[in-house]
>>> print(open('data.cif').read())   # mmCIF, C-alpha atoms
data_run
loop_
_atom_site.label_atom_id
_atom_site.label_comp_id
_atom_site.auth_asym_id
_atom_site.auth_seq_id
_atom_site.Cartn_x
_atom_site.Cartn_y
_atom_site.Cartn_z
CA MET A 1 -1.07 22.91 29.56
CA SER A 2 2.28 22.23 31.22
CA ASP A 3 3.96 20.20 28.51
CA VAL A 4 3.43 18.36 25.27
CA ARG A 5 2.15 15.21 26.97
CA GLU A 6 -0.84 17.16 28.25
CA ALA A 7 -1.66 18.25 24.71
CA LEU A 8 -1.72 14.61 23.69
CA MET A 9 -4.34 13.79 26.32
CA VAL A 10 -6.91 15.96 24.59
CA GLY A 11 -9.58 13.93 22.84
CA ARG A 12 -13.27 14.17 22.13
CA GLY A 13 -15.95 11.90 23.51
CA SER A 14 -18.79 10.44 21.47
CA THR A 15 -20.85 13.58 22.13
CA GLY A 16 -18.11 15.83 20.77
CA LYS A 17 -17.26 17.18 24.20
CA GLN A 18 -13.56 17.62 24.98
CA VAL A 19 -12.21 15.01 27.37
CA ARG A 20 -8.83 14.37 28.96
CA ARG A 21 -7.66 10.85 28.32
CA PRO A 22 -4.64 9.02 26.93
CA LEU A 23 -4.78 8.62 23.16
CA SER A 24 -3.33 5.86 21.04
CA PRO A 25 0.50 5.65 20.91
CA HIS A 26 1.74 8.92 19.46
CA LEU A 27 4.89 8.82 17.36
CA GLN A 28 6.41 11.90 19.04
CA VAL A 29 6.21 10.65 22.62
CA TYR A 30 5.92 6.90 22.34
CA ARG A 31 9.13 4.90 21.96
CA LEU A 32 8.26 2.16 19.51
CA PRO A 33 9.39 -1.34 20.54
CA LEU A 34 11.63 -3.19 18.06
CA THR A 35 8.71 -5.30 16.79
CA ALA A 36 6.84 -2.10 15.86
CA LYS A 37 9.92 -0.55 14.22
CA LEU A 38 10.43 -3.69 12.14
CA SER A 39 6.74 -3.67 11.24
CA ILE A 40 6.88 -0.19 9.70
CA LEU A 41 10.25 -1.08 8.12
CA HIS A 42 8.44 -3.79 6.12
CA ARG A 43 6.33 -1.07 4.49
CA ILE A 44 9.25 1.31 3.99
CA THR A 45 11.37 -1.38 2.32
CA GLY A 46 8.34 -2.40 0.21
CA VAL A 47 7.94 1.13 -1.12
CA GLY A 48 11.71 1.37 -1.69
CA LEU A 49 11.64 -1.89 -3.62
CA ALA A 50 8.83 -0.51 -5.81
CA VAL A 51 11.30 2.18 -6.90
CA GLY A 52 13.79 -0.63 -7.54
CA VAL A 53 11.21 -2.26 -9.82
CA LEU A 54 11.33 0.87 -12.00
CA MET A 55 15.09 0.36 -12.34
CA LEU A 56 14.61 -3.35 -13.08
CA VAL A 57 12.13 -2.60 -15.87
CA CYS A 58 14.49 0.07 -17.29
CA TRP A 59 17.28 -2.52 -17.33
CA LEU A 60 15.10 -5.11 -19.10
CA VAL A 61 13.80 -2.64 -21.68
CA ALA A 62 17.35 -1.40 -22.31
CA ALA A 63 18.59 -4.98 -22.76
CA ALA A 64 15.83 -5.58 -25.31
CA THR A 65 16.44 -2.27 -27.12
CA SER A 66 20.06 -1.65 -28.14
CA ASP A 67 23.72 -1.80 -27.13
CA GLY A 68 23.66 1.97 -26.51
CA ALA A 69 20.62 1.83 -24.21
CA TYR A 70 22.09 -1.11 -22.30
CA ALA A 71 25.45 0.66 -21.92
CA ALA A 72 23.68 3.75 -20.54
CA VAL A 73 21.71 1.80 -17.92
CA SER A 74 24.59 -0.43 -16.84
CA GLY A 75 26.87 2.64 -16.81
CA PHE A 76 24.50 4.34 -14.37
CA LEU A 77 24.32 1.22 -12.20
CA ARG A 78 28.13 1.07 -12.12
CA SER A 79 28.47 4.68 -10.97
CA PRO A 80 28.90 5.41 -7.22
CA ILE A 81 25.21 6.41 -7.00
CA GLY A 82 24.27 3.21 -8.84
CA TYR A 83 26.24 1.07 -6.41
CA LEU A 84 24.69 2.90 -3.43
CA LEU A 85 21.18 2.31 -4.85
CA LEU A 86 21.93 -1.35 -5.58
CA PHE A 87 23.25 -1.84 -2.07
CA GLY A 88 20.14 -0.19 -0.59
CA TRP A 89 17.86 -2.36 -2.73
CA THR A 90 19.79 -5.46 -1.68
CA VAL A 91 19.28 -4.65 2.02
CA ALA A 92 15.62 -3.76 1.39
CA LEU A 93 15.02 -6.93 -0.64
CA TRP A 94 16.51 -9.28 1.96
CA TYR A 95 14.77 -7.50 4.82
CA HIS A 96 11.40 -7.65 3.03
CA PHE A 97 12.15 -11.29 2.12
CA CYS A 98 13.04 -12.40 5.68
CA ASN A 99 10.30 -10.39 7.35
CA GLY A 100 7.86 -11.54 4.65
CA LEU A 101 8.64 -15.17 5.54
CA ARG A 102 7.93 -14.27 9.18
CA HIS A 103 4.61 -12.70 8.12
CA LEU A 104 3.67 -15.89 6.25
CA GLY A 105 4.47 -17.84 9.42
CA TRP A 106 2.24 -15.49 11.42
CA ASP A 107 -0.54 -15.98 8.84
CA PHE A 108 -0.39 -19.71 9.63
CA GLY A 109 -0.62 -18.87 13.35
CA HIS A 110 3.04 -19.58 14.20
CA GLY A 111 5.23 -17.46 16.47
CA LEU A 112 2.58 -14.98 17.61
CA GLU A 113 3.64 -14.96 21.28
CA LEU A 114 5.59 -11.86 22.36
CA ASP A 115 8.77 -13.72 23.33
CA GLN A 116 8.67 -15.64 20.04
CA ALA A 117 8.22 -12.39 18.10
CA ARG A 118 11.18 -10.86 19.95
CA ARG A 119 13.30 -13.86 19.03
CA SER A 120 12.19 -13.79 15.38
CA ASN A 121 13.14 -10.06 15.29
CA MET A 122 16.72 -11.22 15.71
CA PHE A 123 16.39 -13.93 13.05
CA VAL A 124 15.03 -11.37 10.58
CA LEU A 125 17.84 -8.88 11.28
CA ALA A 126 20.56 -11.54 11.23
CA GLY A 127 19.12 -13.08 8.05
CA THR A 128 19.02 -9.69 6.32
CA ALA A 129 22.65 -8.96 7.26
CA ALA A 130 23.88 -12.43 6.28
CA LEU A 131 22.09 -12.51 2.91
CA THR A 132 23.20 -8.95 2.06
CA VAL A 133 26.86 -9.72 2.84
CA LEU A 134 26.64 -13.02 0.95
CA THR A 135 25.05 -11.37 -2.11
CA TRP A 136 27.75 -8.70 -2.30
CA LEU A 137 30.61 -11.08 -1.61
CA ILE A 138 29.51 -13.34 -4.49
CA GLY A 139 28.62 -10.33 -6.65
CA LEU A 140 31.96 -8.58 -6.20
CA ALA A 141 33.93 -11.83 -6.52
CA ALA A 142 32.27 -12.42 -9.90
CA GLN A 143 33.41 -9.05 -11.28
CA MET B 1 -43.13 -12.92 27.78
CA ALA B 2 -39.91 -13.14 25.83
CA ASN B 3 -36.58 -13.71 27.48
CA GLN B 4 -35.15 -10.30 28.43
CA ASN B 5 -31.72 -11.29 27.20
CA SER B 6 -32.85 -12.01 23.65
CA VAL B 7 -33.79 -9.39 21.12
CA ASP B 8 -35.91 -10.12 18.07
CA VAL B 9 -34.49 -8.44 15.02
CA ALA B 10 -35.68 -8.98 11.50
CA VAL B 11 -32.50 -9.23 9.47
CA MET B 12 -33.30 -8.01 5.98
CA ARG B 13 -30.04 -9.30 4.60
CA SER B 14 -29.31 -12.77 3.39
CA MET B 15 -26.50 -14.66 5.06
CA LEU B 16 -25.03 -15.24 1.60
CA SER B 17 -23.54 -11.75 1.42
CA ARG B 18 -21.78 -12.33 4.73
CA ALA B 19 -20.62 -15.73 3.60
CA ARG B 20 -19.14 -14.12 0.50
CA GLY B 21 -17.04 -11.96 2.77
CA LEU B 22 -18.61 -8.63 1.89
CA GLY B 23 -18.42 -6.85 5.23
CA SER B 24 -17.88 -3.18 6.00
CA ALA B 25 -14.83 -3.11 3.74
CA LYS B 26 -17.18 -3.60 0.73
CA SER B 27 -14.90 -6.23 -0.65
CA GLY B 28 -13.82 -9.69 0.33
CA THR B 29 -10.48 -11.24 1.17
CA ALA B 30 -9.30 -11.43 -2.45
CA HIS B 31 -6.76 -8.62 -2.02
CA TRP B 32 -5.27 -10.07 1.17
CA TRP B 33 -5.20 -13.54 -0.36
CA ALA B 34 -3.54 -12.43 -3.61
CA GLN B 35 -0.87 -10.62 -1.59
CA ARG B 36 0.02 -13.91 0.15
CA VAL B 37 -0.10 -16.05 -2.99
CA THR B 38 2.24 -13.68 -4.88
CA ALA B 39 4.52 -13.53 -1.80
CA ILE B 40 4.84 -17.32 -1.75
CA ALA B 41 5.52 -17.38 -5.51
CA LEU B 42 8.18 -14.70 -5.10
CA VAL B 43 10.18 -16.65 -2.51
CA PRO B 44 11.80 -19.05 -5.02
CA LEU B 45 11.54 -16.59 -7.94
CA ALA B 46 13.40 -13.82 -6.08
CA LEU B 47 16.16 -16.23 -5.05
CA TRP B 48 16.49 -17.40 -8.66
CA PHE B 49 16.52 -13.84 -9.98
CA VAL B 50 19.17 -12.56 -7.56
CA ALA B 51 21.40 -15.55 -8.35
CA THR B 52 20.93 -14.84 -12.07
CA ILE B 53 21.56 -11.10 -11.80
CA ILE B 54 24.80 -11.73 -9.91
CA GLN B 55 26.02 -13.86 -12.83
CA LEU B 56 24.88 -11.37 -15.49
CA SER B 57 26.06 -8.23 -13.68
CA HIS B 58 29.64 -8.44 -14.93
CA GLN B 59 28.82 -9.53 -18.49
CA PRO B 60 28.11 -7.59 -21.70
CA ARG B 61 24.66 -7.22 -23.30
CA ALA B 62 25.32 -10.22 -25.57
CA ALA B 63 25.35 -12.46 -22.49
CA VAL B 64 22.00 -11.03 -21.34
CA LEU B 65 20.54 -11.69 -24.80
CA HIS B 66 21.89 -15.23 -24.76
CA TRP B 67 20.44 -15.80 -21.28
CA GLY B 68 17.03 -14.36 -22.21
CA ALA B 69 16.88 -16.47 -25.37
CA HIS B 70 16.60 -19.66 -23.33
CA PRO B 71 12.87 -20.51 -23.03
CA LEU B 72 13.20 -21.64 -19.41
CA ASN B 73 14.83 -18.35 -18.37
CA ALA B 74 12.21 -16.36 -20.27
CA ALA B 75 9.39 -18.36 -18.64
CA LEU B 76 10.79 -17.85 -15.13
CA LEU B 77 11.31 -14.17 -15.87
CA LEU B 78 7.70 -13.77 -17.05
CA ALA B 79 6.45 -15.58 -13.91
CA MET B 80 8.59 -13.37 -11.68
CA LEU B 81 7.51 -10.14 -13.37
CA VAL B 82 3.79 -10.98 -13.15
CA ALA B 83 4.06 -11.99 -9.47
CA LEU B 84 6.36 -9.07 -8.60
CA LEU B 85 4.32 -6.34 -10.26
CA HIS B 86 1.05 -7.68 -8.89
CA HIS B 87 2.55 -7.93 -5.38
CA MET B 88 3.98 -4.41 -5.70
CA GLN B 89 0.68 -2.93 -6.83
CA LEU B 90 -1.30 -4.69 -4.06
CA GLY B 91 1.14 -3.41 -1.42
CA LEU B 92 1.23 0.16 -2.70
CA VAL B 93 -2.59 0.30 -2.80
CA VAL B 94 -2.75 -0.73 0.89
CA VAL B 95 -0.20 1.95 1.81
CA ILE B 96 -2.22 4.59 -0.09
CA GLU B 97 -5.49 3.46 1.49
CA ASP B 98 -3.89 3.83 4.93
CA TYR B 99 -2.25 7.23 4.52
CA VAL B 100 -4.28 9.17 1.95
CA HIS B 101 -7.46 10.33 3.67
CA THR B 102 -9.20 12.40 0.99
CA ALA B 103 -11.42 10.19 -1.14
CA ARG B 104 -10.61 12.01 -4.37
CA THR B 105 -6.81 12.03 -3.92
CA ARG B 106 -6.92 8.43 -2.74
CA LEU B 107 -8.77 7.26 -5.83
CA MET B 108 -6.52 9.27 -8.16
CA THR B 109 -3.34 7.93 -6.54
CA ILE B 110 -4.56 4.33 -6.64
CA LEU B 111 -5.55 4.66 -10.31
CA ALA B 112 -2.15 6.20 -11.09
CA VAL B 113 -0.36 3.31 -9.35
CA LYS B 114 -2.45 0.78 -11.26
CA ALA B 115 -1.85 2.53 -14.59
CA ILE B 116 1.91 2.79 -14.05
CA THR B 117 2.06 -0.86 -12.92
CA ALA B 118 0.19 -1.98 -16.04
CA LEU B 119 2.58 -0.02 -18.28
CA LEU B 120 5.62 -1.44 -16.44
CA LEU B 121 4.17 -4.93 -16.88
CA PHE B 122 3.57 -4.49 -20.61
CA ALA B 123 7.00 -2.90 -21.16
CA SER B 124 8.80 -5.67 -19.30
CA LEU B 125 6.79 -8.51 -20.86
CA ILE B 126 7.39 -7.25 -24.39
CA SER B 127 11.10 -6.91 -23.53
CA VAL B 128 11.25 -10.50 -22.32
CA VAL B 129 9.54 -11.68 -25.50
CA ARG B 130 12.02 -9.67 -27.57
CA LEU B 131 14.95 -11.21 -25.67
CA ALA B 132 13.40 -14.65 -26.11
CA VAL B 133 13.21 -14.37 -29.91
CA SER B 134 16.46 -12.45 -30.40
CA PHE B 135 18.57 -15.54 -31.12
#
>>> encode(input="data.cif", output="structure tokens")
Amino acid sequence: MSDVREALMVGRGSTGKQVRRPLSPHLQVYRLPLTAKLSILHRITGVGLAVGVLMLVCWLVAAATSDGAYAAVSGFLRSPIGYLLLFGWTVALWYHFCNGLRHLGWDFGHGLELDQARRSNMFVLAGTAALTVLTWLIGLAAQ
Amino acid sequence: MANQNSVDVAVMRSMLSRARGLGSAKSGTAHWWAQRVTAIALVPLALWFVATIIQLSHQPRAAVLHWGAHPLNAALLLAMLVALLHHMQLGLVVVIEDYVHTARTRLMTILAVKAITALLLFASLISVVRLAVSF
């Protein structure tokens, strides 16, 4: 085999015999279009937000427990790592929110054409950026 | 002689099972549907929660207690937590089903996710109730 692309042409037919044919898009050689990157990003942000839910429940339980517990949790959230996590969760939340709205639109059959999907890519990214900046501007101004 | 293009097959399966949506996935569309319903519920609830958190973020615990003591806030918080944790659990299960290929590990991971989600739900609900009756 001359290079890695050849290795990716190796598949098996229905009889189990080796055949040479192109396989489905392989992550190492296939450059994902933006729509595909944003698709997997929906999952990644979803899993990240699940970790954020752990933090949210910790915060609620601490608030219901004692002054000491609440001080510990809010102290962590006010540390540099805490701020970094909160910023990450803000971006993830607004991305998942905007892209989720797009998914609901798709479920109703809207915007499924390729050019429409490319345009809504931009709306999702711009919406995420705008909502994140807005959240932190209001949040920091309130401090 | 029968038309060559038609094949006579005795289907030993009632159409009812198809109508109920039980195809090769062995389950219907309940999971997919619940994911959408919780997503729609979370649109206003997430906006409300972020707006609330921004206001509470710079205040002491007493302000959080005061906020949680209002029945309307507690009710919205309960609604958000139920929708959020259900949505989270449904999404994580789909991710596990897609990427974990061994049946045993897959089942164990899904059960672990469901157990942890249930505990998170109970812990957060009891906390909301405690905040609600604290004043």
>>> interface_residues(input="data.cif", of="chain A", to="chain B", cutoff="9 Å", atoms="only C-alpha atoms", output="PyMOL selection string")
chain A and resi 43+46-47+49-50+53-54+56-58+60-67+70-71+74+93+97+100-101+104+107+135-136+138-140+142-143
>>> residues_near_point(input="data.cif", point="(22.3, -11.0, 6.6)", cutoff="12 Å", atoms="all atoms listed in the file", output="PyMOL selection string")
chain A and resi 90-98+122-137
>>> atom_distance(input="data.cif", atom1="atom CA of B:Ala30", atom2="atom CA of A:Ile44")
23.4 Å
>>> resolve_selection(input="data.cif", expression="the PyMOL selection byres ((chain B and resi 96) around 10)", output="list of chain:residue names")
B:Gly91, B:Leu92, B:Val93, B:Val94, B:Val95, B:Glu97, B:Asp98, B:Tyr99, B:Val100, B:His101, B:Thr105, B:Arg106, B:Leu107, B:Thr109, B:Ile110, B:Val113
>>> atom_distance(input="data.cif", atom1="atom CA of B:Phe49", atom2="atom CA of B:Asn73")
9.7 Å
>>> atom_distance(input="data.cif", atom1="atom CA of B:Ser14", atom2="atom CA of B:Thr29")
19.0 Å
>>> closest_residue(input="data.cif", among="A:Gly88, A:Gln116, A:Arg21, A:Trp59", to="A:Phe76", atoms="only C-alpha atoms")
A:Trp59
>>> decode(input="data.cif", residues="stretch 91-136 of chain A", atoms="N, CA and C atoms", output="mmCIF file, in the first residue's frame")
data_model
loop_
_atom_site.group_PDB
_atom_site.id
_atom_site.type_symbol
_atom_site.label_atom_id
_atom_site.label_comp_id
_atom_site.auth_asym_id
_atom_site.auth_seq_id
_atom_site.Cartn_x
_atom_site.Cartn_y
_atom_site.Cartn_z
ATOM 1 N N VAL A 91 -20.680 29.398 27.110
ATOM 2 C CA VAL A 91 -20.552 29.185 25.660
ATOM 3 C C VAL A 91 -21.299 27.915 25.258
ATOM 4 N N ALA A 92 -21.072 26.825 26.020
ATOM 5 C CA ALA A 92 -21.699 25.539 25.691
ATOM 6 C C ALA A 92 -23.220 25.648 25.755
ATOM 7 N N LEU A 93 -23.721 26.338 26.806
ATOM 8 C CA LEU A 93 -25.170 26.474 26.959
ATOM 9 C C LEU A 93 -25.772 27.226 25.779
ATOM 10 N N TRP A 94 -25.180 28.372 25.409
ATOM 11 C CA TRP A 94 -25.787 29.162 24.332
ATOM 12 C C TRP A 94 -25.617 28.482 22.979
ATOM 13 N N TYR A 95 -24.512 27.756 22.796
ATOM 14 C CA TYR A 95 -24.382 27.008 21.546
ATOM 15 C C TYR A 95 -25.476 25.931 21.462
ATOM 16 N N HIS A 96 -25.592 25.142 22.541
ATOM 17 C CA HIS A 96 -26.572 24.046 22.575
ATOM 18 C C HIS A 96 -27.999 24.609 22.435
ATOM 19 N N PHE A 97 -28.215 25.781 23.020
ATOM 20 C CA PHE A 97 -29.507 26.465 22.947
ATOM 21 C C PHE A 97 -29.825 26.871 21.496
ATOM 22 N N CYS A 98 -28.877 27.601 20.867
ATOM 23 C CA CYS A 98 -29.108 28.090 19.493
ATOM 24 C C CYS A 98 -29.202 26.928 18.503
ATOM 25 N N ASN A 99 -28.261 25.977 18.625
ATOM 26 C CA ASN A 99 -28.294 24.854 17.699
ATOM 27 C C ASN A 99 -29.503 23.955 17.968
ATOM 28 N N GLY A 100 -29.920 23.898 19.241
ATOM 29 C CA GLY A 100 -31.111 23.127 19.603
ATOM 30 C C GLY A 100 -32.356 23.717 18.955
ATOM 31 N N LEU A 101 -32.439 25.062 18.936
ATOM 32 C CA LEU A 101 -33.565 25.719 18.259
ATOM 33 C C LEU A 101 -33.552 25.365 16.771
ATOM 34 N N ARG A 102 -32.329 25.328 16.185
ATOM 35 C CA ARG A 102 -32.219 24.954 14.772
ATOM 36 C C ARG A 102 -32.688 23.510 14.559
ATOM 37 N N HIS A 103 -32.307 22.628 15.498
ATOM 38 C CA HIS A 103 -32.753 21.227 15.411
ATOM 39 C C HIS A 103 -34.272 21.127 15.465
ATOM 40 N N LEU A 104 -34.892 21.912 16.359
ATOM 41 C CA LEU A 104 -36.359 21.890 16.446
ATOM 42 C C LEU A 104 -36.967 22.360 15.130
ATOM 43 N N GLY A 105 -36.344 23.375 14.516
ATOM 44 C CA GLY A 105 -36.804 23.830 13.204
ATOM 45 C C GLY A 105 -36.702 22.716 12.168
ATOM 46 N N TRP A 106 -35.568 22.007 12.187
ATOM 47 C CA TRP A 106 -35.386 20.888 11.255
ATOM 48 C C TRP A 106 -36.447 19.813 11.478
ATOM 49 N N ASP A 107 -36.775 19.565 12.781
ATOM 50 C CA ASP A 107 -37.781 18.543 13.099
ATOM 51 C C ASP A 107 -39.132 18.884 12.479
ATOM 52 N N PHE A 108 -39.399 20.200 12.339
ATOM 53 C CA PHE A 108 -40.640 20.632 11.694
ATOM 54 C C PHE A 108 -40.495 20.717 10.176
ATOM 55 N N GLY A 109 -39.305 20.340 9.666
ATOM 56 C CA GLY A 109 -39.091 20.322 8.219
ATOM 57 C C GLY A 109 -38.614 21.634 7.635
ATOM 58 N N HIS A 110 -38.199 22.583 8.499
ATOM 59 C CA HIS A 110 -37.735 23.883 8.000
ATOM 60 C C HIS A 110 -36.220 23.904 7.828
ATOM 61 N N GLY A 111 -35.755 24.581 6.790
ATOM 62 C CA GLY A 111 -34.329 24.868 6.630
ATOM 63 C C GLY A 111 -33.444 23.668 6.343
ATOM 64 N N LEU A 112 -33.991 22.654 5.695
ATOM 65 C CA LEU A 112 -33.213 21.437 5.454
ATOM 66 C C LEU A 112 -32.357 21.498 4.179
ATOM 67 N N GLU A 113 -32.578 22.502 3.336
ATOM 68 C CA GLU A 113 -31.748 22.634 2.128
ATOM 69 C C GLU A 113 -30.331 23.021 2.521
ATOM 70 N N LEU A 114 -29.347 22.608 1.686
ATOM 71 C CA LEU A 114 -27.943 22.817 2.039
ATOM 72 C C LEU A 114 -27.598 24.294 2.216
ATOM 73 N N ASP A 115 -28.089 25.147 1.284
ATOM 74 C CA ASP A 115 -27.748 26.571 1.404
ATOM 75 C C ASP A 115 -28.389 27.196 2.641
ATOM 76 N N GLN A 116 -29.594 26.693 2.989
ATOM 77 C CA GLN A 116 -30.248 27.189 4.212
ATOM 78 C C GLN A 116 -29.483 26.741 5.456
ATOM 79 N N ALA A 117 -28.982 25.497 5.422
ATOM 80 C CA ALA A 117 -28.220 24.984 6.567
ATOM 81 C C ALA A 117 -26.908 25.755 6.729
ATOM 82 N N ARG A 118 -26.289 26.111 5.594
ATOM 83 C CA ARG A 118 -25.050 26.896 5.661
ATOM 84 C C ARG A 118 -25.317 28.270 6.242
ATOM 85 N N ARG A 119 -26.459 28.848 5.890
ATOM 86 C CA ARG A 119 -26.808 30.159 6.430
ATOM 87 C C ARG A 119 -27.116 30.053 7.924
ATOM 88 N N SER A 120 -27.863 28.988 8.308
ATOM 89 C CA SER A 120 -28.208 28.879 9.732
ATOM 90 C C SER A 120 -26.977 28.549 10.578
ATOM 91 N N ASN A 121 -25.920 27.943 9.967
ATOM 92 C CA ASN A 121 -24.639 27.785 10.678
ATOM 93 C C ASN A 121 -24.210 29.119 11.262
ATOM 94 N N MET A 122 -24.279 30.148 10.401
ATOM 95 C CA MET A 122 -23.807 31.474 10.787
ATOM 96 C C MET A 122 -24.686 32.087 11.868
ATOM 97 N N PHE A 123 -26.011 31.840 11.768
ATOM 98 C CA PHE A 123 -26.921 32.349 12.795
ATOM 99 C C PHE A 123 -26.612 31.701 14.144
ATOM 100 N N VAL A 124 -26.340 30.385 14.113
ATOM 101 C CA VAL A 124 -26.042 29.673 15.365
ATOM 102 C C VAL A 124 -24.757 30.221 15.987
ATOM 103 N N LEU A 125 -23.716 30.388 15.162
ATOM 104 C CA LEU A 125 -22.434 30.874 15.694
ATOM 105 C C LEU A 125 -22.554 32.316 16.183
ATOM 106 N N ALA A 126 -23.231 33.154 15.406
ATOM 107 C CA ALA A 126 -23.392 34.555 15.811
ATOM 108 C C ALA A 126 -24.257 34.643 17.070
ATOM 109 N N GLY A 127 -25.309 33.843 17.128
ATOM 110 C CA GLY A 127 -26.185 33.841 18.304
ATOM 111 C C GLY A 127 -25.438 33.410 19.558
ATOM 112 N N THR A 128 -24.610 32.362 19.420
ATOM 113 C CA THR A 128 -23.823 31.885 20.562
ATOM 114 C C THR A 128 -22.901 32.993 21.058
ATOM 115 N N ALA A 129 -22.177 33.639 20.131
ATOM 116 C CA ALA A 129 -21.240 34.699 20.509
ATOM 117 C C ALA A 129 -21.976 35.857 21.174
ATOM 118 N N ALA A 130 -23.090 36.280 20.559
ATOM 119 C CA ALA A 130 -23.824 37.438 21.079
ATOM 120 C C ALA A 130 -24.381 37.160 22.476
ATOM 121 N N LEU A 131 -25.002 35.974 22.650
ATOM 122 C CA LEU A 131 -25.603 35.661 23.954
ATOM 123 C C LEU A 131 -24.537 35.494 25.035
ATOM 124 N N THR A 132 -23.376 34.909 24.652
ATOM 125 C CA THR A 132 -22.299 34.731 25.635
ATOM 126 C C THR A 132 -21.780 36.092 26.097
ATOM 127 N N VAL A 133 -21.515 36.986 25.130
ATOM 128 C CA VAL A 133 -21.008 38.326 25.476
ATOM 129 C C VAL A 133 -22.041 39.061 26.329
ATOM 130 N N LEU A 134 -23.308 38.976 25.932
ATOM 131 C CA LEU A 134 -24.371 39.657 26.659
ATOM 132 C C LEU A 134 -24.467 39.139 28.109
ATOM 133 N N THR A 135 -24.436 37.807 28.258
ATOM 134 C CA THR A 135 -24.523 37.201 29.588
ATOM 135 C C THR A 135 -23.400 37.712 30.493
ATOM 136 N N TRP A 136 -22.171 37.746 29.950
ATOM 137 C CA TRP A 136 -21.035 38.135 30.789
ATOM 138 C C TRP A 136 -20.990 39.631 31.014
#
